[in-house]
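Following: one structure in structure tokens, then a few remarks.
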Amino acid sequence: MLLVAPTSPPPHCVDQLEDWIRTPADPQDLQARQAALQVRAAPRDPVLDHHGILHFADQAVPLGQGEADLARMLLDSYRATVGREELTRRMWPEGEMPRRNALDVRVLRLRRRLAPLGLVIKTVWGKGYMLDTQPETQAAYRRTPGGE
């Protein structure tokens, strides 16, 4: 937050995390601007609501029950690897024997659903899967109001 003298020209702000106000500043206005800056600076992670709708970057996509279950597990460890065995165990309780490629098929379907949001499920070979944002999404989201 830049405090600018009454006779000074307005500064040129190039970053959405910059703001300015002329002195003497009204304390309520200053607090409101600081609160807005904090909201803009807060990290934005994907959120899965209780209806199975995944929200990210001012967009949303409805997920089926199986997709939502998988997304929830990946979101619980957002940007960290979740092992294949753990995902399989949690997706299919004991007694249910999934096909050999059942997890791969479910991941493929979820990847297709998440792509329009700028989210990607990365395969970590020999370990499992990781939910992350596409690099171009990260850069674009930082440049938009309310982004990181």
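Letters A, B, ... mark the chains of the structure tokens in the order given; residue numbers begin at 1 per chain; ligand numbers begin at 1, in order shown.
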Test item, helix (DSSP H, G or I) assignment across stretch 48-136 of chain A, answer as a VMD selection string: chain A and resid 65 to 76 84 to 91 102 to 117 135 to 136
Please list as a PyMOL selection string every residue within 9 Å of stretch 17-23 of chain A, counting only C-alpha atoms and excluding residues in the same chain fewer than 3 positions away. chain A and resi 1-8+10-11+13-14+26+29-30+33-34+37-38+40-41+148
Measuring between only C-alpha atoms, which one of A:Leu131, A:Ala60, A:Pro98, A:His55 shows the shortest distance to A:Ser77?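 Using only C-alpha atoms, the shortest distance to A:Ser77 belongs to A:Leu131.
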In Å to one decimal, how far is atom CA of A:Met130 from atom CA of A:Glu67?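 Going from atom CA of A:Glu67 over to atom CA of A:Met130 covers 14.7 Å.
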List the spatial neighbours of A:Phe56 as a short mmCIF file (atom, residue, chain, number, x, y, z; two decimals) with N, CA and C atoms, in the first residue's frame - criterion: any atom at most 10 Å away, only C-alpha atoms, same-chain residues fewer than 3 positions off excluded.
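To be explicit, this is the file written out as out19.cif:
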```
data_model
loop_
_atom_site.label_atom_id
_atom_site.label_comp_id
_atom_site.auth_asym_id
_atom_site.auth_seq_id
_atom_site.Cartn_x
_atom_site.Cartn_y
_atom_site.Cartn_z
N ARG A 44 -5.30 -19.50 -4.14
CA ARG A 44 -6.58 -20.04 -4.58
C ARG A 44 -6.39 -21.50 -4.95
N ASP A 45 -6.96 -22.37 -4.18
CA ASP A 45 -6.89 -23.80 -4.46
C ASP A 45 -8.25 -24.29 -4.93
N PRO A 46 -8.27 -25.37 -5.69
CA PRO A 46 -9.56 -25.93 -6.10
C PRO A 46 -10.35 -26.39 -4.88
N VAL A 47 -11.67 -26.30 -4.99
CA VAL A 47 -12.56 -26.70 -3.89
C VAL A 47 -13.66 -27.59 -4.47
N LEU A 48 -13.91 -28.71 -3.80
CA LEU A 48 -15.00 -29.61 -4.17
C LEU A 48 -16.11 -29.43 -3.14
N ILE A 53 -19.43 -30.55 -7.01
CA ILE A 53 -19.04 -29.55 -8.02
C ILE A 53 -17.66 -29.03 -7.65
N GLN A 59 -14.42 -20.82 -12.17
CA GLN A 59 -15.13 -21.76 -13.02
C GLN A 59 -15.57 -22.94 -12.16
N ALA A 60 -16.47 -23.74 -12.69
CA ALA A 60 -16.94 -24.91 -11.95
C ALA A 60 -17.30 -26.02 -12.93
N VAL A 61 -17.16 -27.25 -12.46
CA VAL A 61 -17.55 -28.40 -13.26
C VAL A 61 -18.19 -29.44 -12.33
N LEU A 114 -11.46 -32.09 -15.76
CA LEU A 114 -10.74 -31.00 -15.10
C LEU A 114 -9.98 -30.10 -16.06
N LEU A 117 -10.83 -26.43 -16.58
CA LEU A 117 -10.57 -25.57 -15.42
C LEU A 117 -9.10 -25.18 -15.31
N GLY A 118 -8.25 -25.81 -16.12
CA GLY A 118 -6.82 -25.55 -16.00
C GLY A 118 -6.16 -26.43 -14.97
N LEU A 119 -6.83 -27.52 -14.60
CA LEU A 119 -6.26 -28.47 -13.65
C LEU A 119 -5.78 -29.71 -14.40
N THR A 133 -2.06 -27.54 -11.15
CA THR A 133 -2.56 -26.65 -12.19
C THR A 133 -1.63 -26.70 -13.38
#
```
Please run DSSP on the backbone and report, as a ChimeraX atom specification, all residues within chain A that come out as strand (DSSP E or B). /A:2-4,20-22,47-48,53-56,59-62,82-83,119-124,128-133
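For the set A:Pro9, A:Pro24, A:Gly52, A:Pro62, the residue with the smallest atom-to-atom gap to A:Arg113 is A:Pro62, counting only C-alpha atoms.
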